[in-house]
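> If it helps, the file is called run22.txt and holds compact mmCIF, C-alpha atoms and all ligand atoms:
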```txt
# COMPACT_ATOMS: atom_id res chain seq x y z
CA MET A 721 -286.41 60.78 -62.96
CA PHE A 722 -286.39 57.26 -64.44
CA ASN A 723 -287.49 55.96 -61.00
CA ASP A 724 -283.91 56.70 -59.78
CA VAL A 725 -282.88 53.38 -61.30
CA TYR A 726 -279.47 54.61 -62.50
CA GLN A 727 -278.30 56.05 -59.16
CA GLY A 728 -275.11 54.20 -58.11
CA LYS A 729 -275.32 51.70 -60.99
CA LYS A 730 -272.46 50.71 -63.27
CA VAL A 731 -273.41 51.74 -66.79
CA LEU A 732 -271.33 50.89 -69.84
CA VAL A 733 -271.78 53.10 -72.91
CA THR A 734 -270.19 51.88 -76.14
CA GLY A 735 -269.61 54.69 -78.62
CA ASN A 736 -269.26 57.00 -75.60
CA THR A 737 -266.91 59.39 -77.42
CA GLY A 738 -269.45 60.14 -80.17
CA PHE A 739 -272.29 62.63 -80.35
CA LYS A 740 -275.08 60.60 -78.74
CA GLY A 741 -272.67 58.78 -76.43
CA SER A 742 -271.36 62.08 -75.01
CA TRP A 743 -274.86 63.42 -74.27
CA LEU A 744 -275.83 60.09 -72.74
CA THR A 745 -272.71 60.15 -70.55
CA VAL A 746 -273.48 63.65 -69.27
CA TRP A 747 -277.04 62.61 -68.50
CA LEU A 748 -276.02 59.36 -66.74
CA LEU A 749 -273.49 61.25 -64.61
CA GLN A 750 -276.27 63.65 -63.58
CA LEU A 751 -278.40 60.62 -62.66
CA GLY A 752 -275.65 59.39 -60.31
CA ALA A 753 -274.39 56.47 -62.42
CA GLU A 754 -270.82 55.18 -62.47
CA VAL A 755 -270.10 55.43 -66.19
CA TYR A 756 -267.75 53.22 -68.22
CA GLY A 757 -267.07 53.80 -71.91
CA ILE A 758 -265.76 51.73 -74.80
CA SER A 759 -264.90 53.36 -78.14
CA ASN A 760 -262.16 52.87 -80.71
CA GLU A 761 -261.24 56.57 -80.78
CA VAL A 762 -262.49 60.10 -80.32
CA PRO A 763 -264.07 60.36 -83.77
CA THR A 764 -263.92 64.11 -84.46
CA THR A 765 -262.01 67.28 -83.71
CA PRO A 766 -263.47 69.09 -81.93
CA ALA A 767 -265.55 66.57 -80.00
CA MET A 768 -268.12 67.05 -77.27
CA PHE A 769 -266.33 64.27 -75.34
CA ASP A 770 -263.25 66.51 -75.10
CA LEU A 771 -265.05 69.85 -74.71
CA CYS A 772 -267.02 68.47 -71.73
CA GLY A 773 -263.93 66.85 -70.15
CA LEU A 774 -265.66 63.47 -70.03
CA ARG A 775 -262.44 61.41 -70.08
CA GLU A 776 -261.74 62.59 -66.53
CA ARG A 777 -265.25 61.77 -65.28
CA ILE A 778 -265.66 58.18 -66.43
CA THR A 779 -263.60 55.01 -66.86
CA TYR A 780 -262.77 54.96 -70.57
CA PHE A 781 -261.38 51.96 -72.47
CA GLU A 782 -260.16 52.28 -76.03
CA HIS A 783 -261.23 49.13 -77.90
CA ASP A 784 -262.56 48.20 -81.31
CA VAL A 785 -265.91 46.40 -81.09
CA ASN A 786 -264.59 44.10 -83.83
CA ASP A 787 -262.21 42.68 -81.23
CA LEU A 788 -264.34 40.12 -79.37
CA ALA A 789 -261.62 39.16 -76.87
CA SER A 790 -261.23 42.76 -75.60
CA ILE A 791 -264.98 43.37 -75.40
CA GLU A 792 -265.50 40.09 -73.57
CA ARG A 793 -262.66 40.81 -71.12
CA ARG A 794 -263.94 44.32 -70.29
CA ILE A 795 -267.54 43.26 -69.80
CA ALA A 796 -266.48 40.35 -67.57
CA GLU A 797 -264.25 42.72 -65.58
CA VAL A 798 -266.70 45.65 -65.18
CA ARG A 799 -269.91 43.57 -64.88
CA PRO A 800 -272.07 46.58 -65.78
CA ASP A 801 -275.68 46.71 -64.54
CA PHE A 802 -276.64 48.41 -67.81
CA VAL A 803 -275.16 48.50 -71.29
CA PHE A 804 -276.09 51.08 -73.92
CA HIS A 805 -274.58 49.92 -77.20
CA LEU A 806 -274.12 52.87 -79.55
CA ALA A 807 -270.72 52.14 -81.11
CA ALA A 808 -271.15 52.04 -84.87
CA GLN A 809 -270.10 53.48 -88.19
CA PRO A 810 -273.16 55.76 -88.48
CA ILE A 811 -272.77 57.61 -91.80
CA VAL A 812 -274.55 56.45 -94.98
CA SER A 813 -272.03 58.01 -97.41
CA ILE A 814 -269.07 56.38 -95.60
CA SER A 815 -270.86 53.03 -95.84
CA TYR A 816 -270.65 53.34 -99.64
CA ASP A 817 -266.90 54.03 -99.47
CA ASP A 818 -266.24 51.22 -97.01
CA PRO A 819 -269.13 48.75 -96.95
CA VAL A 820 -267.25 45.82 -95.43
CA SER A 821 -265.99 47.64 -92.36
CA THR A 822 -269.42 49.28 -91.86
CA LEU A 823 -271.08 45.85 -91.98
CA ALA A 824 -268.43 44.34 -89.70
CA THR A 825 -268.58 47.08 -87.07
CA ASN A 826 -272.35 47.46 -87.04
CA ILE A 827 -273.34 43.80 -87.31
CA MET A 828 -270.46 41.85 -85.76
CA GLY A 829 -269.75 44.62 -83.24
CA THR A 830 -273.33 44.16 -82.01
CA ALA A 831 -272.85 40.37 -81.96
CA HIS A 832 -269.64 40.77 -79.93
CA VAL A 833 -271.30 42.89 -77.24
CA LEU A 834 -274.17 40.40 -76.98
CA GLU A 835 -271.80 37.43 -76.98
CA ALA A 836 -269.71 39.02 -74.20
CA LEU A 837 -272.92 39.45 -72.17
CA ARG A 838 -273.99 35.87 -72.88
CA ARG A 839 -270.65 34.52 -71.67
CA SER A 840 -270.56 36.75 -68.59
CA ASN A 841 -274.25 36.10 -67.82
CA HIS A 842 -274.25 38.51 -64.88
CA GLU A 843 -277.45 40.48 -64.24
CA CYS A 844 -277.50 43.12 -66.93
CA THR A 845 -280.02 45.19 -68.87
CA ALA A 846 -278.79 45.92 -72.41
CA ILE A 847 -280.24 48.59 -74.68
CA MET A 848 -279.05 48.15 -78.25
CA ILE A 849 -279.19 51.20 -80.51
CA THR A 850 -279.82 50.56 -84.19
CA SER A 851 -281.66 53.08 -86.41
CA ASP A 852 -284.88 53.89 -88.24
CA LYS A 853 -282.89 52.92 -91.34
CA CYS A 854 -283.04 49.27 -90.23
CA TYR A 855 -286.47 49.09 -91.91
CA ASP A 856 -286.91 47.96 -95.47
CA ASN A 857 -287.75 51.43 -96.79
CA VAL A 858 -290.52 51.00 -99.36
CA GLU A 859 -290.94 54.81 -99.52
CA TRP A 860 -294.54 54.76 -98.43
CA VAL A 861 -296.25 57.56 -96.50
CA TRP A 862 -297.11 55.56 -93.38
CA GLY A 863 -294.96 55.26 -90.30
CA TYR A 864 -292.92 52.06 -89.93
CA ARG A 865 -293.94 49.78 -87.10
CA GLU A 866 -291.73 47.44 -85.11
CA THR A 867 -293.39 44.48 -86.87
CA ASP A 868 -292.40 45.72 -90.37
CA PRO A 869 -289.57 43.85 -92.14
CA VAL A 870 -285.99 45.04 -91.71
CA GLY A 871 -283.89 45.50 -94.83
CA GLY A 872 -281.83 48.20 -96.50
CA ARG A 873 -280.62 49.15 -99.98
CA ASP A 874 -277.47 50.91 -98.86
CA PRO A 875 -274.75 49.25 -96.75
CA TYR A 876 -275.47 51.38 -93.64
CA SER A 877 -279.18 50.49 -93.65
CA ALA A 878 -278.35 46.83 -94.27
CA SER A 879 -275.89 46.91 -91.37
CA LYS A 880 -278.61 48.21 -89.03
CA GLY A 881 -281.14 45.68 -90.36
CA GLY A 882 -278.46 43.03 -89.78
CA ALA A 883 -277.86 44.26 -86.23
CA GLU A 884 -281.59 43.89 -85.55
CA LEU A 885 -281.50 40.27 -86.75
CA ILE A 886 -278.55 39.55 -84.46
CA ILE A 887 -280.33 41.08 -81.45
CA LYS A 888 -283.43 39.02 -82.19
CA THR A 889 -281.34 35.87 -82.54
CA TYR A 890 -279.55 36.42 -79.23
CA TYR A 891 -282.86 37.04 -77.49
CA HIS A 892 -284.57 33.93 -78.86
CA SER A 893 -281.54 31.64 -78.60
CA PHE A 894 -280.16 32.76 -75.23
CA PHE A 895 -281.61 35.69 -73.30
CA LYS A 896 -285.18 34.49 -73.08
CA ARG A 897 -284.11 31.27 -71.35
CA PRO A 898 -284.90 31.10 -67.62
CA GLU A 899 -281.20 30.70 -66.71
CA SER A 900 -280.25 33.93 -68.54
CA ASN A 901 -279.53 36.98 -66.39
CA VAL A 902 -279.34 39.29 -69.38
CA ARG A 903 -282.28 41.32 -70.66
CA VAL A 904 -282.12 43.02 -74.02
CA ALA A 905 -284.16 45.46 -76.08
CA SER A 906 -283.48 47.26 -79.36
CA THR A 907 -284.23 50.87 -80.23
CA ARG A 908 -284.83 52.49 -83.59
CA ALA A 909 -284.64 56.27 -83.84
CA GLY A 910 -284.12 58.63 -86.74
CA ASN A 911 -281.94 61.65 -87.47
CA VAL A 912 -281.04 63.47 -84.32
CA ILE A 913 -279.68 66.96 -84.01
CA GLY A 914 -278.34 68.98 -81.12
CA GLY A 915 -275.23 70.81 -80.02
CA GLY A 916 -271.94 68.92 -79.95
CA ASP A 917 -272.15 66.94 -83.19
CA TRP A 918 -269.18 67.26 -85.54
CA ALA A 919 -269.68 64.11 -87.62
CA ALA A 920 -268.99 64.36 -91.36
CA ASN A 921 -271.77 64.64 -93.95
CA ARG A 922 -274.55 65.60 -91.58
CA ILE A 923 -276.49 68.75 -92.25
CA VAL A 924 -276.40 70.35 -88.79
CA PRO A 925 -272.66 69.84 -88.10
CA ASP A 926 -271.97 70.98 -91.68
CA ALA A 927 -274.05 74.11 -91.05
CA PHE A 928 -272.32 75.15 -87.83
CA ARG A 929 -268.85 74.21 -89.07
CA ALA A 930 -269.50 76.61 -91.97
CA TRP A 931 -271.30 79.39 -90.06
CA GLY A 932 -268.94 79.10 -87.08
CA THR A 933 -266.10 80.06 -89.44
CA ASP A 934 -268.15 82.64 -91.42
CA GLN A 935 -268.52 80.51 -94.54
CA THR A 936 -271.49 79.73 -96.79
CA LEU A 937 -273.13 76.36 -96.21
CA GLU A 938 -273.58 74.22 -99.35
CA ILE A 939 -276.64 71.97 -99.33
CA ARG A 940 -277.48 69.22 -101.79
CA ALA A 941 -281.03 68.12 -100.99
CA PRO A 942 -283.02 71.10 -99.67
CA ARG A 943 -286.39 69.40 -100.08
CA ALA A 944 -285.44 66.10 -98.39
CA THR A 945 -287.53 65.64 -95.28
CA ARG A 946 -286.35 63.84 -92.17
CA PRO A 947 -288.01 63.20 -88.83
CA TRP A 948 -285.59 65.57 -87.06
CA GLN A 949 -285.56 65.37 -83.31
CA HIS A 950 -283.28 66.61 -80.59
CA VAL A 951 -280.69 64.09 -79.41
CA LEU A 952 -282.22 64.17 -75.93
CA GLU A 953 -285.51 62.76 -77.24
CA PRO A 954 -284.30 59.27 -78.20
CA LEU A 955 -281.90 59.33 -75.23
CA SER A 956 -284.91 59.85 -72.95
CA GLY A 957 -286.43 56.83 -74.70
CA TYR A 958 -283.29 54.69 -74.25
CA LEU A 959 -283.01 55.61 -70.54
CA HIS A 960 -286.71 55.14 -69.92
CA LEU A 961 -286.70 51.79 -71.72
CA GLY A 962 -283.62 50.70 -69.73
CA ALA A 963 -285.32 51.60 -66.44
CA GLN A 964 -288.53 49.86 -67.46
CA LEU A 965 -286.81 46.73 -68.79
CA TYR A 966 -284.81 46.52 -65.55
CA GLN A 967 -288.09 46.42 -63.61
CA ARG A 968 -290.38 44.61 -66.10
CA LYS A 969 -289.24 41.25 -67.43
CA GLU A 970 -292.03 41.12 -70.00
CA LEU A 971 -290.27 43.80 -72.07
CA ASN A 972 -287.30 41.48 -72.69
CA GLY A 973 -286.55 41.05 -76.41
CA GLU A 974 -288.80 43.89 -77.57
CA PRO A 975 -287.84 46.49 -80.21
CA TYR A 976 -289.04 50.13 -79.87
CA ASN A 977 -289.25 53.11 -82.20
CA PHE A 978 -288.52 56.54 -80.72
CA GLY A 979 -289.44 59.35 -83.07
CA PRO A 980 -291.21 62.70 -83.33
CA VAL A 981 -294.98 63.02 -83.47
CA GLU A 982 -294.85 66.26 -85.44
CA ARG A 983 -294.79 66.29 -89.24
CA SER A 984 -291.40 65.88 -90.92
CA TYR A 985 -289.62 69.10 -91.92
CA SER A 986 -287.39 69.61 -94.95
CA VAL A 987 -283.70 70.47 -94.76
CA ARG A 988 -284.62 73.98 -95.93
CA ASP A 989 -287.26 74.40 -93.16
CA LEU A 990 -284.85 73.17 -90.52
CA LEU A 991 -282.04 75.48 -91.63
CA ALA A 992 -284.44 78.43 -91.68
CA LYS A 993 -285.32 77.71 -88.05
CA LEU A 994 -281.67 77.34 -87.04
CA THR A 995 -280.71 80.62 -88.71
CA GLN A 996 -283.18 82.47 -86.46
CA HIS A 997 -280.84 81.78 -83.52
CA TRP A 998 -277.54 82.60 -85.21
CA GLU A 999 -275.81 85.97 -85.61
CA PHE A 1000 -274.39 86.02 -89.18
CA GLY A 1001 -272.42 89.27 -89.02
CA ALA A 1002 -270.91 90.09 -92.42
CA LEU A 1003 -271.77 86.77 -94.12
CA GLU A 1004 -273.97 87.70 -97.11
CA GLN A 1005 -275.11 84.26 -98.24
CA PRO A 1006 -275.51 81.73 -95.38
CA ILE A 1007 -276.78 78.91 -97.66
CA ARG A 1008 -276.13 77.86 -101.29
CA GLU A 1009 -277.83 74.94 -103.07
CA VAL A 1010 -275.51 72.58 -105.04
CA GLU A 1011 -275.81 69.32 -107.05
CA PRO A 1012 -277.35 66.34 -105.24
CA PRO A 1013 -275.10 63.36 -104.31
CA GLY A 1014 -274.43 60.53 -106.79
CA PHE A 1015 -275.53 57.73 -104.47
CA HIS A 1016 -278.99 56.55 -103.46
CA GLU A 1017 -280.26 58.16 -100.29
CA ALA A 1018 -283.63 56.99 -99.00
CA GLY A 1019 -286.51 59.45 -99.18
CA LEU A 1020 -289.24 59.87 -96.60
CA LEU A 1021 -288.96 57.59 -93.59
CA LYS A 1022 -291.40 58.03 -90.77
CA LEU A 1023 -291.62 56.04 -87.56
CA ASN A 1024 -294.82 54.92 -85.90
CA CYS A 1025 -294.21 55.27 -82.15
CA ASP A 1026 -297.51 53.91 -80.85
CA LYS A 1027 -295.80 50.93 -79.22
CA ALA A 1028 -293.47 53.12 -77.13
CA LEU A 1029 -296.51 55.10 -75.99
CA HIS A 1030 -298.60 52.00 -75.27
CA ASP A 1031 -295.97 49.91 -73.45
CA LEU A 1032 -293.81 52.62 -71.90
CA GLY A 1033 -295.94 55.77 -71.89
CA TRP A 1034 -293.12 57.47 -73.84
CA LEU A 1035 -293.72 60.58 -75.95
CA PRO A 1036 -291.28 63.14 -77.32
CA THR A 1037 -291.07 66.40 -75.37
CA MET A 1038 -290.15 69.30 -77.65
CA ASN A 1039 -291.46 70.88 -80.83
CA ILE A 1040 -289.24 71.75 -83.79
CA ASP A 1041 -288.77 75.38 -82.68
CA GLU A 1042 -287.49 74.30 -79.28
CA VAL A 1043 -285.22 71.72 -80.93
CA ALA A 1044 -283.76 74.35 -83.27
CA ARG A 1045 -283.27 76.86 -80.44
CA LEU A 1046 -281.39 74.46 -78.13
CA THR A 1047 -279.26 73.22 -81.03
CA ALA A 1048 -278.23 76.62 -82.38
CA LYS A 1049 -277.63 78.03 -78.87
CA TRP A 1050 -275.22 75.21 -78.00
CA TYR A 1051 -273.08 75.90 -81.08
CA ALA A 1052 -273.34 79.65 -80.49
CA ALA A 1053 -272.02 79.15 -76.95
CA HIS A 1054 -269.01 77.31 -78.38
CA TYR A 1055 -268.27 79.32 -81.54
CA ARG A 1056 -269.58 82.79 -80.79
CA GLU A 1057 -269.58 83.28 -77.03
CA GLY A 1058 -266.36 81.37 -76.32
CA VAL A 1059 -267.90 79.46 -73.40
CA GLN A 1060 -265.09 77.38 -71.90
CA ASP A 1061 -267.12 75.19 -69.56
CA MET A 1062 -269.25 73.29 -72.07
CA LEU A 1063 -270.03 70.61 -69.49
CA SER A 1064 -271.96 73.11 -67.34
CA TYR A 1065 -273.59 74.54 -70.45
CA THR A 1066 -274.66 71.04 -71.55
CA GLN A 1067 -275.95 70.23 -68.06
CA ALA A 1068 -278.00 73.45 -68.13
CA GLN A 1069 -279.58 72.39 -71.45
CA LEU A 1070 -280.36 69.00 -69.93
CA ASP A 1071 -282.00 70.71 -66.94
CA GLU A 1072 -284.04 72.86 -69.31
CA TYR A 1073 -285.13 69.82 -71.31
CA ALA A 1074 -286.13 67.93 -68.12
CA SER A 1075 -288.06 70.92 -66.87
CA ILE A 1076 -289.99 71.24 -70.17
CA ALA A 1077 -290.70 67.49 -69.93
CA ARG A 1078 -291.97 67.85 -66.34
CA SER A 1079 -294.22 70.75 -67.31
CA ARG A 1080 -295.74 68.54 -70.04
CA ASN A 1081 -296.14 65.52 -67.74
CA ILE A 1082 -293.76 63.38 -69.77
CA VAL A 1083 -293.65 60.02 -68.03
CA TRP A 1084 -289.90 59.62 -67.30
CA ALA A 1085 -289.59 63.15 -65.90
CA THR A 1086 -292.33 63.00 -63.30
N1 LIG A 1101 -276.90 60.62 -85.15
C1 LIG A 1101 -278.00 60.18 -85.74
O1 LIG A 1101 -278.75 60.94 -86.39
C2 LIG A 1101 -278.40 58.72 -85.61
C3 LIG A 1101 -279.62 58.31 -86.15
C4 LIG A 1101 -280.01 56.97 -86.00
C5 LIG A 1101 -279.16 56.09 -85.35
N2 LIG A 1101 -277.95 56.50 -84.87
C6 LIG A 1101 -277.11 55.51 -84.19
O2 LIG A 1101 -276.76 55.99 -82.90
C7 LIG A 1101 -275.44 55.54 -82.57
C8 LIG A 1101 -274.56 56.71 -82.20
O3 LIG A 1101 -274.49 57.61 -83.30
P1 LIG A 1101 -273.72 59.01 -83.21
O4 LIG A 1101 -274.49 59.96 -84.00
O5 LIG A 1101 -273.40 59.32 -81.81
O6 LIG A 1101 -272.38 58.63 -84.01
P2 LIG A 1101 -270.88 59.17 -83.78
O7 LIG A 1101 -270.15 58.93 -85.05
O8 LIG A 1101 -270.87 60.52 -83.21
O9 LIG A 1101 -270.33 58.16 -82.68
C9 LIG A 1101 -270.01 56.81 -82.99
C10 LIG A 1101 -269.27 56.22 -81.82
O10 LIG A 1101 -268.96 54.85 -82.11
C11 LIG A 1101 -267.56 54.66 -81.94
N3 LIG A 1101 -267.10 53.63 -82.87
C12 LIG A 1101 -267.18 53.63 -84.23
N4 LIG A 1101 -266.61 52.51 -84.71
C13 LIG A 1101 -266.20 51.78 -83.64
C14 LIG A 1101 -265.52 50.54 -83.49
N5 LIG A 1101 -265.19 49.80 -84.54
N6 LIG A 1101 -265.24 50.10 -82.23
C15 LIG A 1101 -265.58 50.86 -81.15
N7 LIG A 1101 -266.19 52.04 -81.24
C16 LIG A 1101 -266.50 52.49 -82.48
C17 LIG A 1101 -266.93 56.01 -82.23
O11 LIG A 1101 -265.63 56.12 -81.69
C18 LIG A 1101 -267.93 56.90 -81.52
O12 LIG A 1101 -267.70 56.87 -80.13
C19 LIG A 1101 -274.96 54.73 -83.77
O13 LIG A 1101 -275.24 53.37 -83.57
C20 LIG A 1101 -275.79 55.28 -84.91
O14 LIG A 1101 -275.90 54.37 -85.97
C21 LIG A 1101 -277.56 57.81 -84.98
```
For the file at hand, write its structure as structure tokens.
Ligand SMILES: NC(=O)c1ccc[n+]([C@@H]2O[C@H](COP(=O)([O-])OP(=O)(O)OC[C@H]3O[C@@H](n4cnc5c(N)ncnc54)[C@H](O)[C@@H]3O)[C@@H](O)[C@H]2O)c1

Amino acid sequence: MFNDVYQGKKVLVTGNTGFKGSWLTVWLLQLGAEVYGISNEVPTTPAMFDLCGLRERITYFEHDVNDLASIERRIAEVRPDFVFHLAAQPIVSISYDDPVSTLATNIMGTAHVLEALRRSNHECTAIMITSDKCYDNVEWVWGYRETDPVGGRDPYSASKGGAELIIKTYYHSFFKRPESNVRVASTRAGNVIGGGDWAANRIVPDAFRAWGTDQTLEIRAPRATRPWQHVLEPLSGYLHLGAQLYQRKELNGEPYNFGPVERSYSVRDLLAKLTQHWEFGALEQPIREVEPPGFHEAGLLKLNCDKALHDLGWLPTMNIDEVARLTAKWYAAHYREGVQDMLSYTQAQLDEYASIARSRNIVWAT
């Protein structure tokens, strides 16, 4: 898998205590990497980071990415072979409550990681995670391409557009020079779902928090469509891109979209699929529709992933039914079946995902 590039390598994951960071950590440990993490806190209770006992399996540093001196010191000390930068304030509604700290963390936090790498200048491959929301969303029906302008009406989207500009600047000003030992690429993926997410104001965590405690789920935008994908899909893209960038210098500085190829499904469609894998017991009304939010939330946003296919051979692996099944089963294991060893359960889901990928000749799995 991934040409065995990660075996024995030092890999730093920022945002390692979050949803995507925890899955990425479990996967990197399976791939034989020595994992280091930087986050400012464990962001939720419960958290997959805790349930999987990841603190004991990696070297974890608690730092704020707004603190350049600490980030610089840690990167100089660890000298990671790979960096996956995921640390961010990732919630649109929170960005309206606290725009300045969202902009600081997501833009300057990205600048601080890149600056620490520039100053250290050891050999390192850095994969920077932004978002599909980095694009200037003109609400058209076509998929956004990596050459489309970045932008953003809400502070979260602007922060991710800003992060993209910073990454581009660091590439053109520093990392493309012959004396640079750092290679960098940015990745733009959309809404991900999967077991182990407990972030606020996201539909899937909201659903299982409610259903896990036998309560009705309130939804505000049942017809909103999103390019839902399982968390392992973009992670396969990040890991594949990291392995490719490590081996192919010509990918330095490139941005990539990682999204589904299937049509987008509405919130209502997605919930209907999730409910098929959940035992409701006495709960009479699993879902109730309520007033929409008072702030602007972007409508349709679709990614064009032709570049990832052309340059990297990357394609997503699973269809929406498989995504819903794996997601609901993970939460059922935690809430309904009382599974204590969620690390083994998560590893088993990873094995299942890799085996589906192999059976479909997905490039990173073969
Ligand atoms: N989850 C999604 O649907 C989605 C979609 C597109 C992009 N993304 C991006 O993927 C990345 C990970 O998202 P997630 O869903 O795992 O979010 P999450 O909230 O679960 O995790 C965020 C992580 O960043 C850390 N963090 C936040 N502020 C920090 C700071 N100031 N200093 C250091 N660490 C800090 C948190 O402690 C946590 O480890 C983010 O960059 C997010 O914007 C997520």
> In Å to one decimal, how far is CA of Asn760 (chain A) from CA of Phe781 (chain A)?
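Spanning CA of Phe781 (chain A) to CA of Asn760 (chain A) is a straight-line distance of 8.3 Å.
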> Give me, please, the distance in Å between CA of Tyr958 (chain A) and CA of Ile847 (chain A), quoted to one decimal.
6.8 Å
> Taking 5 positions as the minimum chain separation for residues in the same chain, which residues sit within 12 Å of Pro925 (chain A) when counting all atoms listed in the file? Answer as an NGL selection string.
:A and (739 or 764-767 or 912-920 or 930-932 or 937 or 991 or 994 or 1047-1048 or 1050-1051)
> Mind writing the picked residues with C-alpha atoms as a PDB file, in the coordinates of the input?

```pdb
ATOM      1  CA  PHE A 739    -272.290  62.630 -80.350  1.00  0.00           C
ATOM      2  CA  THR A 764    -263.920  64.110 -84.460  1.00  0.00           C
ATOM      3  CA  THR A 765    -262.010  67.280 -83.710  1.00  0.00           C
ATOM      4  CA  PRO A 766    -263.470  69.090 -81.930  1.00  0.00           C
ATOM      5  CA  ALA A 767    -265.550  66.570 -80.000  1.00  0.00           C
ATOM      6  CA  VAL A 912    -281.040  63.470 -84.320  1.00  0.00           C
ATOM      7  CA  ILE A 913    -279.680  66.960 -84.010  1.00  0.00           C
ATOM      8  CA  GLY A 914    -278.340  68.980 -81.120  1.00  0.00           C
ATOM      9  CA  GLY A 915    -275.230  70.810 -80.020  1.00  0.00           C
ATOM     10  CA  GLY A 916    -271.940  68.920 -79.950  1.00  0.00           C
ATOM     11  CA  ASP A 917    -272.150  66.940 -83.190  1.00  0.00           C
ATOM     12  CA  TRP A 918    -269.180  67.260 -85.540  1.00  0.00           C
ATOM     13  CA  ALA A 919    -269.680  64.110 -87.620  1.00  0.00           C
ATOM     14  CA  ALA A 920    -268.990  64.360 -91.360  1.00  0.00           C
ATOM     15  CA  ALA A 930    -269.500  76.610 -91.970  1.00  0.00           C
ATOM     16  CA  TRP A 931    -271.300  79.390 -90.060  1.00  0.00           C
ATOM     17  CA  GLY A 932    -268.940  79.100 -87.080  1.00  0.00           C
ATOM     18  CA  LEU A 937    -273.130  76.360 -96.210  1.00  0.00           C
ATOM     19  CA  LEU A 991    -282.040  75.480 -91.630  1.00  0.00           C
ATOM     20  CA  LEU A 994    -281.670  77.340 -87.040  1.00  0.00           C
ATOM     21  CA  THR A1047    -279.260  73.220 -81.030  1.00  0.00           C
ATOM     22  CA  ALA A1048    -278.230  76.620 -82.380  1.00  0.00           C
ATOM     23  CA  TRP A1050    -275.220  75.210 -78.000  1.00  0.00           C
ATOM     24  CA  TYR A1051    -273.080  75.900 -81.080  1.00  0.00           C
TER      25      TYR A1051
END
```
> Would you write out, as JSON lines, a table of all residues in chain A that have an atom no more than 7 Å from an atom of ligand LIG 1101 (chain A), listing for each the closest atom pair and the distance in Å to one decimal, considering all atoms listed in the file and ordering rows by chain and rising residue number?

```
{"residue": "A:Thr734", "atom": "CA", "partner": "A:LIG1101", "partner_atom": "N7", "distance": 6.5}
{"residue": "A:Gly735", "atom": "CA", "partner": "A:LIG1101", "partner_atom": "O12", "distance": 3.3}
{"residue": "A:Asn736", "atom": "CA", "partner": "A:LIG1101", "partner_atom": "O12", "distance": 4.8}
{"residue": "A:Thr737", "atom": "CA", "partner": "A:LIG1101", "partner_atom": "O12", "distance": 3.8}
{"residue": "A:Gly738", "atom": "CA", "partner": "A:LIG1101", "partner_atom": "O9", "distance": 3.3}
{"residue": "A:Phe739", "atom": "CA", "partner": "A:LIG1101", "partner_atom": "O5", "distance": 3.8}
{"residue": "A:Lys740", "atom": "CA", "partner": "A:LIG1101", "partner_atom": "O5", "distance": 3.7}
{"residue": "A:Gly741", "atom": "CA", "partner": "A:LIG1101", "partner_atom": "O5", "distance": 5.5}
{"residue": "A:Ile758", "atom": "CA", "partner": "A:LIG1101", "partner_atom": "C15", "distance": 6.4}
{"residue": "A:Ser759", "atom": "CA", "partner": "A:LIG1101", "partner_atom": "N7", "distance": 3.6}
{"residue": "A:Asn760", "atom": "CA", "partner": "A:LIG1101", "partner_atom": "C15", "distance": 4.0}
{"residue": "A:Glu761", "atom": "CA", "partner": "A:LIG1101", "partner_atom": "O11", "distance": 4.5}
{"residue": "A:Val762", "atom": "CA", "partner": "A:LIG1101", "partner_atom": "O11", "distance": 5.3}
{"residue": "A:Pro763", "atom": "CA", "partner": "A:LIG1101", "partner_atom": "O11", "distance": 5.0}
{"residue": "A:His783", "atom": "CA", "partner": "A:LIG1101", "partner_atom": "C15", "distance": 5.7}
{"residue": "A:Asp784", "atom": "CA", "partner": "A:LIG1101", "partner_atom": "N6", "distance": 3.4}
{"residue": "A:Val785", "atom": "CA", "partner": "A:LIG1101", "partner_atom": "N6", "distance": 3.9}
{"residue": "A:Asn786", "atom": "CA", "partner": "A:LIG1101", "partner_atom": "N5", "distance": 5.8}
{"residue": "A:Leu806", "atom": "CA", "partner": "A:LIG1101", "partner_atom": "O13", "distance": 4.2}
{"residue": "A:Ala807", "atom": "CA", "partner": "A:LIG1101", "partner_atom": "O10", "distance": 3.4}
{"residue": "A:Ala808", "atom": "CA", "partner": "A:LIG1101", "partner_atom": "C12", "distance": 4.3}
{"residue": "A:Gln809", "atom": "CA", "partner": "A:LIG1101", "partner_atom": "C12", "distance": 4.9}
{"residue": "A:Pro810", "atom": "CA", "partner": "A:LIG1101", "partner_atom": "O14", "distance": 4.0}
{"residue": "A:Thr825", "atom": "CA", "partner": "A:LIG1101", "partner_atom": "N5", "distance": 5.0}
{"residue": "A:Ile849", "atom": "CA", "partner": "A:LIG1101", "partner_atom": "O13", "distance": 5.4}
{"residue": "A:Thr850", "atom": "CA", "partner": "A:LIG1101", "partner_atom": "O13", "distance": 5.4}
{"residue": "A:Ser851", "atom": "CA", "partner": "A:LIG1101", "partner_atom": "C5", "distance": 4.1}
{"residue": "A:Asp852", "atom": "CA", "partner": "A:LIG1101", "partner_atom": "C4", "distance": 6.2}
{"residue": "A:Arg908", "atom": "CA", "partner": "A:LIG1101", "partner_atom": "C5", "distance": 6.9}
{"residue": "A:Ala909", "atom": "CA", "partner": "A:LIG1101", "partner_atom": "C4", "distance": 5.2}
{"residue": "A:Gly910", "atom": "CA", "partner": "A:LIG1101", "partner_atom": "C4", "distance": 4.5}
{"residue": "A:Asn911", "atom": "CA", "partner": "A:LIG1101", "partner_atom": "O1", "distance": 3.4}
{"residue": "A:Val912", "atom": "CA", "partner": "A:LIG1101", "partner_atom": "O1", "distance": 4.0}
{"residue": "A:Ile913", "atom": "CA", "partner": "A:LIG1101", "partner_atom": "O1", "distance": 6.5}
{"residue": "A:Asp917", "atom": "CA", "partner": "A:LIG1101", "partner_atom": "O8", "distance": 6.5}
{"residue": "A:Ala919", "atom": "CA", "partner": "A:LIG1101", "partner_atom": "O7", "distance": 5.8}
```
